[in-house]
$ cat entry01.cif   # mmCIF, C-alpha atoms and all ligand atoms
data_work
#
loop_
_atom_site.label_atom_id
_atom_site.label_comp_id
_atom_site.auth_asym_id
_atom_site.auth_seq_id
_atom_site.Cartn_x
_atom_site.Cartn_y
_atom_site.Cartn_z
CA MET A 1 0.00 0.00 0.00
CA LYS A 2 1.48 3.36 -1.07
CA LYS A 3 0.96 5.95 1.64
CA ALA A 4 1.91 9.64 1.73
CA VAL A 5 1.85 12.51 4.19
CA TYR A 6 0.59 15.97 3.27
CA PRO A 7 1.74 18.29 6.08
CA GLY A 8 0.89 21.94 6.60
CA SER A 9 -0.35 24.47 9.06
CA PHE A 10 -3.76 24.56 7.34
CA ASP A 11 -4.57 27.79 9.13
CA PRO A 12 -7.13 27.53 7.58
CA ILE A 13 -7.50 24.89 4.83
CA THR A 14 -8.16 26.51 1.44
CA ASN A 15 -9.50 25.25 -1.88
CA GLY A 16 -5.85 25.18 -3.04
CA HIS A 17 -4.99 22.59 -0.38
CA ILE A 18 -8.10 20.57 -1.26
CA ASN A 19 -7.12 20.54 -4.93
CA ILE A 20 -3.67 19.14 -4.05
CA ILE A 21 -5.18 16.51 -1.72
CA GLU A 22 -7.73 15.35 -4.33
CA ARG A 23 -4.95 14.96 -6.90
CA ALA A 24 -2.65 13.20 -4.41
CA CYS A 25 -5.46 10.72 -3.68
CA LYS A 26 -5.23 9.53 -7.28
CA LEU A 27 -1.50 8.89 -6.92
CA PHE A 28 -1.47 7.13 -3.53
CA ASP A 29 -3.62 4.53 -1.76
CA HIS A 30 -3.73 6.55 1.43
CA ILE A 31 -2.96 10.16 2.40
CA TYR A 32 -2.37 11.44 5.93
CA VAL A 33 -3.29 15.14 6.00
CA VAL A 34 -1.37 16.35 9.01
CA ALA A 35 -1.77 19.70 10.73
CA SER A 36 1.36 20.94 12.41
CA VAL A 37 1.47 22.04 16.00
CA ASN A 38 3.88 24.96 15.99
CA ILE A 39 5.15 25.63 19.46
CA GLY A 40 5.86 29.36 19.74
CA LYS A 41 3.76 30.31 16.69
CA GLN A 42 0.23 31.39 17.55
CA PRO A 43 -2.17 30.21 14.82
CA PHE A 44 -5.25 32.17 13.78
CA PHE A 45 -7.43 29.09 14.29
CA SER A 46 -6.81 26.66 17.17
CA LEU A 47 -5.64 23.12 16.42
CA GLU A 48 -9.14 21.83 17.24
CA GLU A 49 -10.73 24.26 14.76
CA ARG A 50 -8.18 23.46 12.04
CA LEU A 51 -8.74 19.72 12.48
CA TYR A 52 -12.51 20.16 12.39
CA PHE A 53 -12.27 22.17 9.13
CA LEU A 54 -9.98 19.53 7.61
CA LYS A 55 -12.28 16.66 8.59
CA GLU A 56 -15.41 18.42 7.31
CA SER A 57 -13.84 19.47 4.00
CA LEU A 58 -12.23 16.12 3.25
CA LYS A 59 -15.02 13.73 4.24
CA HIS A 60 -15.76 12.98 0.57
CA LEU A 61 -12.31 11.34 0.28
CA PRO A 62 -12.35 7.82 1.81
CA ASN A 63 -8.59 7.31 1.59
CA VAL A 64 -7.70 10.37 3.69
CA THR A 65 -6.89 10.41 7.40
CA VAL A 66 -6.76 13.78 9.17
CA ASP A 67 -4.25 13.98 11.99
CA TYR A 68 -1.90 16.36 13.81
CA ASN A 69 1.80 16.20 14.54
CA GLU A 70 4.06 17.68 17.19
CA LYS A 71 7.28 16.11 15.91
CA PHE A 72 9.37 16.54 12.76
CA VAL A 73 7.33 15.63 9.69
CA TYR A 74 9.86 12.98 8.63
CA GLN A 75 9.41 11.26 12.02
CA TYR A 76 5.63 11.22 11.60
CA ALA A 77 6.13 9.79 8.09
CA LEU A 78 8.46 7.03 9.32
CA ASP A 79 6.11 6.17 12.21
CA HIS A 80 3.24 5.70 9.73
CA GLN A 81 5.24 3.88 7.03
CA ALA A 82 4.31 6.68 4.65
CA TYR A 83 7.58 7.28 2.85
CA THR A 84 6.53 10.19 0.65
CA ILE A 85 5.79 13.76 1.63
CA ILE A 86 3.48 15.71 -0.68
CA ARG A 87 3.93 19.46 -1.06
CA GLY A 88 2.14 22.04 -3.18
CA MET A 89 4.18 24.35 -5.39
CA ARG A 90 2.69 27.72 -6.28
CA THR A 91 5.43 30.09 -7.33
CA LEU A 92 9.21 30.36 -7.49
CA THR A 93 9.16 31.58 -3.89
CA ASP A 94 7.76 28.20 -2.81
CA TYR A 95 10.56 26.43 -4.68
CA GLN A 96 13.28 27.71 -2.39
CA SER A 97 11.65 26.81 0.91
CA GLU A 98 10.30 23.50 -0.42
CA ASN A 99 13.77 22.54 -1.66
CA GLN A 100 15.17 23.27 1.79
CA LEU A 101 12.44 21.23 3.50
CA PHE A 102 12.97 18.31 1.10
CA ASN A 103 16.70 18.20 1.89
CA PHE A 104 16.07 18.45 5.62
CA ASN A 105 13.61 15.54 5.62
CA TYR A 106 15.72 13.46 3.22
CA GLU A 107 18.93 13.88 5.23
CA LEU A 108 17.43 13.38 8.67
CA SER A 109 15.55 10.27 7.59
CA ASN A 110 18.74 8.80 6.07
CA GLY A 111 17.22 8.97 2.60
CA LYS A 112 14.07 7.05 3.59
CA ILE A 113 11.65 9.95 3.11
CA ASP A 114 11.28 11.53 -0.30
CA THR A 115 9.15 14.52 -1.32
CA ILE A 116 6.84 14.95 -4.30
CA ALA A 117 5.70 18.44 -5.26
CA LEU A 118 2.45 18.97 -7.14
CA PHE A 119 2.02 22.25 -8.99
CA ALA A 120 -0.91 24.41 -7.93
CA ASP A 121 -3.51 24.59 -10.67
CA ILE A 122 -4.09 28.07 -12.13
CA PRO A 123 -7.25 29.06 -10.21
CA HIS A 124 -5.46 28.38 -6.91
CA SER A 125 -1.92 29.46 -7.72
CA PHE A 126 -2.13 32.75 -5.83
CA LEU A 127 -4.12 31.39 -2.93
CA ALA A 128 -2.50 31.11 0.52
CA SER A 129 -3.88 30.79 4.03
CA SER A 130 -2.18 34.10 4.85
CA VAL A 131 -4.16 35.83 2.06
CA ILE A 132 -7.40 34.40 3.44
CA LYS A 133 -6.58 35.77 6.92
CA GLU A 134 -5.82 39.18 5.45
CA ILE A 135 -9.08 39.30 3.48
CA ALA A 136 -10.92 38.13 6.59
CA ALA A 137 -9.32 40.88 8.70
CA PHE A 138 -10.87 43.43 6.34
CA LYS A 139 -14.18 41.57 6.48
CA GLY A 140 -13.89 40.66 2.79
CA ASP A 141 -15.59 37.72 1.09
CA VAL A 142 -13.51 34.53 1.21
CA SER A 143 -16.28 32.14 0.19
CA LYS A 144 -14.84 31.49 -3.30
CA HIS A 145 -11.49 30.36 -1.89
CA VAL A 146 -12.24 28.22 1.15
CA PRO A 147 -14.70 25.42 1.96
CA LYS A 148 -18.07 26.53 3.38
CA VAL A 149 -17.24 25.39 6.91
CA VAL A 150 -14.26 27.79 6.96
CA ALA A 151 -16.13 30.71 5.36
CA ASP A 152 -18.90 30.30 7.95
CA ALA A 153 -16.39 30.23 10.84
CA ILE A 154 -14.66 33.38 9.56
CA MET A 155 -18.01 35.14 9.26
CA LYS A 156 -18.90 34.12 12.84
CA LYS A 157 -15.52 35.31 14.14
CA ASN A 158 -16.02 38.68 12.41
CA GLU A 159 -19.57 39.07 13.76
CA ALA A 160 -18.33 38.42 17.30
CA GLN A 161 -15.80 41.27 17.08
P1 LIG B 201 0.54 28.12 3.45
O1 LIG B 201 1.87 27.91 2.75
O2 LIG B 201 -0.51 28.72 2.58
O3 LIG B 201 0.60 28.73 4.83
P2 LIG B 201 0.51 25.46 4.51
O4 LIG B 201 1.71 25.69 5.34
O5 LIG B 201 -0.68 24.94 5.19
O6 LIG B 201 -0.03 26.72 3.74
O7 LIG B 201 0.90 24.61 3.25
C1 LIG B 201 0.93 23.22 3.12
C2 LIG B 201 1.37 22.90 1.71
O8 LIG B 201 0.35 23.31 0.80
C3 LIG B 201 2.64 23.63 1.25
O9 LIG B 201 3.39 22.74 0.44
C4 LIG B 201 2.10 24.77 0.42
O10 LIG B 201 3.03 25.18 -0.57
C5 LIG B 201 0.90 24.11 -0.22
N1 LIG B 201 -0.12 25.08 -0.64
C6 LIG B 201 -0.64 26.09 0.08
N2 LIG B 201 -1.57 26.76 -0.65
C7 LIG B 201 -1.61 26.16 -1.87
C8 LIG B 201 -2.34 26.38 -3.07
N3 LIG B 201 -3.18 27.41 -3.18
N4 LIG B 201 -2.14 25.58 -4.12
C9 LIG B 201 -1.25 24.56 -4.01
N5 LIG B 201 -0.50 24.28 -2.93
C10 LIG B 201 -0.68 25.07 -1.86
#
$ encode --input "entry01.cif" --output "structure tokens" --more "lines below"
Ligand code: ADP
Amino acid sequence: MKKAVYPGSFDPITNGHINIIERACKLFDHIYVVASVNIGKQPFFSLEERLYFLKESLKHLPNVTVDYNEKFVYQYALDHQAYTIIRGMRTLTDYQSENQLFNFNYELSNGKIDTIALFADIPHSFLASSVIKEIAAFKGDVSKHVPKVVADAIMKKNEAQ
């Protein structure tokens, strides 16, 4: 069984992430979508909220498990016998950091963990979680770019302020 890990902060999950996950599902038997727990970095949405959004938006994909991880991604991958990490590649800026991450995971896992990058499709190539948070801060409409569960939560957060 070919398994892969798709790690990210998913703060929050966007339609760009979903597009990558749906495509990765065609390449692998099982995908672990893993939200990172960044000690020292305060996320916009709590881990519980991010996991809820992931589970709700990915429930149409039977070969996806949603999980979280407090360790290095390569350690999570080794623990789950999922020897490939999936990453999404939007622009040249992503290339540099993704290349660094690939080398880090490859070296530290003694060459056991490889990385596959999938290019963002055109409608999502300028979409990032940070952009969503910025639009949300100005009370803009994010509903075209995120699943409904996220758009609703952002609207609720804005109404409460
Ligand atoms: P971001 O980089 O937006 O904060 P994450 O850290 O959650 O998001 O990213 C997880 C992975 O998803 C990274 O490899 C990132 O490059 C990729 N990704 C993020 N947004 C998109 C998108 N719109 N299209 C394709 N890949 C994306």
$ residues_near_ligand --input "entry01.cif" --ligand "ligand LIG 201 (chain B)" --cutoff "10 Å" --atoms "all atoms listed in the file" --output "NGL selection string"
:A and (6-21 or 33-36 or 85-91 or 93-95 or 97-98 or 101 or 116-132 or 145)
$ closest_residue --input "entry01.cif" --among "A:Lys26, A:Ala151, A:Lys112, A:Gln161" --to "Ile135 (chain A)" --atoms "only C-alpha atoms"
A:Ala151
$ residues_near_point --input "entry01.cif" --point "(-13.5, 42.7, 6.8)" --cutoff "12 Å" --atoms "all atoms listed in the file" --output "short mmCIF file (atom, residue, chain, number, x, y, z; two decimals) with C-alpha atoms, keeping the file's coordinate frame"
data_model
loop_
_atom_site.label_atom_id
_atom_site.label_comp_id
_atom_site.auth_asym_id
_atom_site.auth_seq_id
_atom_site.Cartn_x
_atom_site.Cartn_y
_atom_site.Cartn_z
CA ILE A 132 -7.40 34.40 3.44
CA LYS A 133 -6.58 35.77 6.92
CA GLU A 134 -5.82 39.18 5.45
CA ILE A 135 -9.08 39.30 3.48
CA ALA A 136 -10.92 38.13 6.59
CA ALA A 137 -9.32 40.88 8.70
CA PHE A 138 -10.87 43.43 6.34
CA LYS A 139 -14.18 41.57 6.48
CA GLY A 140 -13.89 40.66 2.79
CA ASP A 141 -15.59 37.72 1.09
CA VAL A 142 -13.51 34.53 1.21
CA ILE A 154 -14.66 33.38 9.56
CA MET A 155 -18.01 35.14 9.26
CA LYS A 156 -18.90 34.12 12.84
CA LYS A 157 -15.52 35.31 14.14
CA ASN A 158 -16.02 38.68 12.41
CA GLU A 159 -19.57 39.07 13.76
CA GLN A 161 -15.80 41.27 17.08
#
$ residues_near_point --input "entry01.cif" --point "(3.7, 5.0, -0.4)" --cutoff "7 Å" --atoms "all atoms listed in the file" --output "ChimeraX atom specification"
/A:1-4,28,82-84
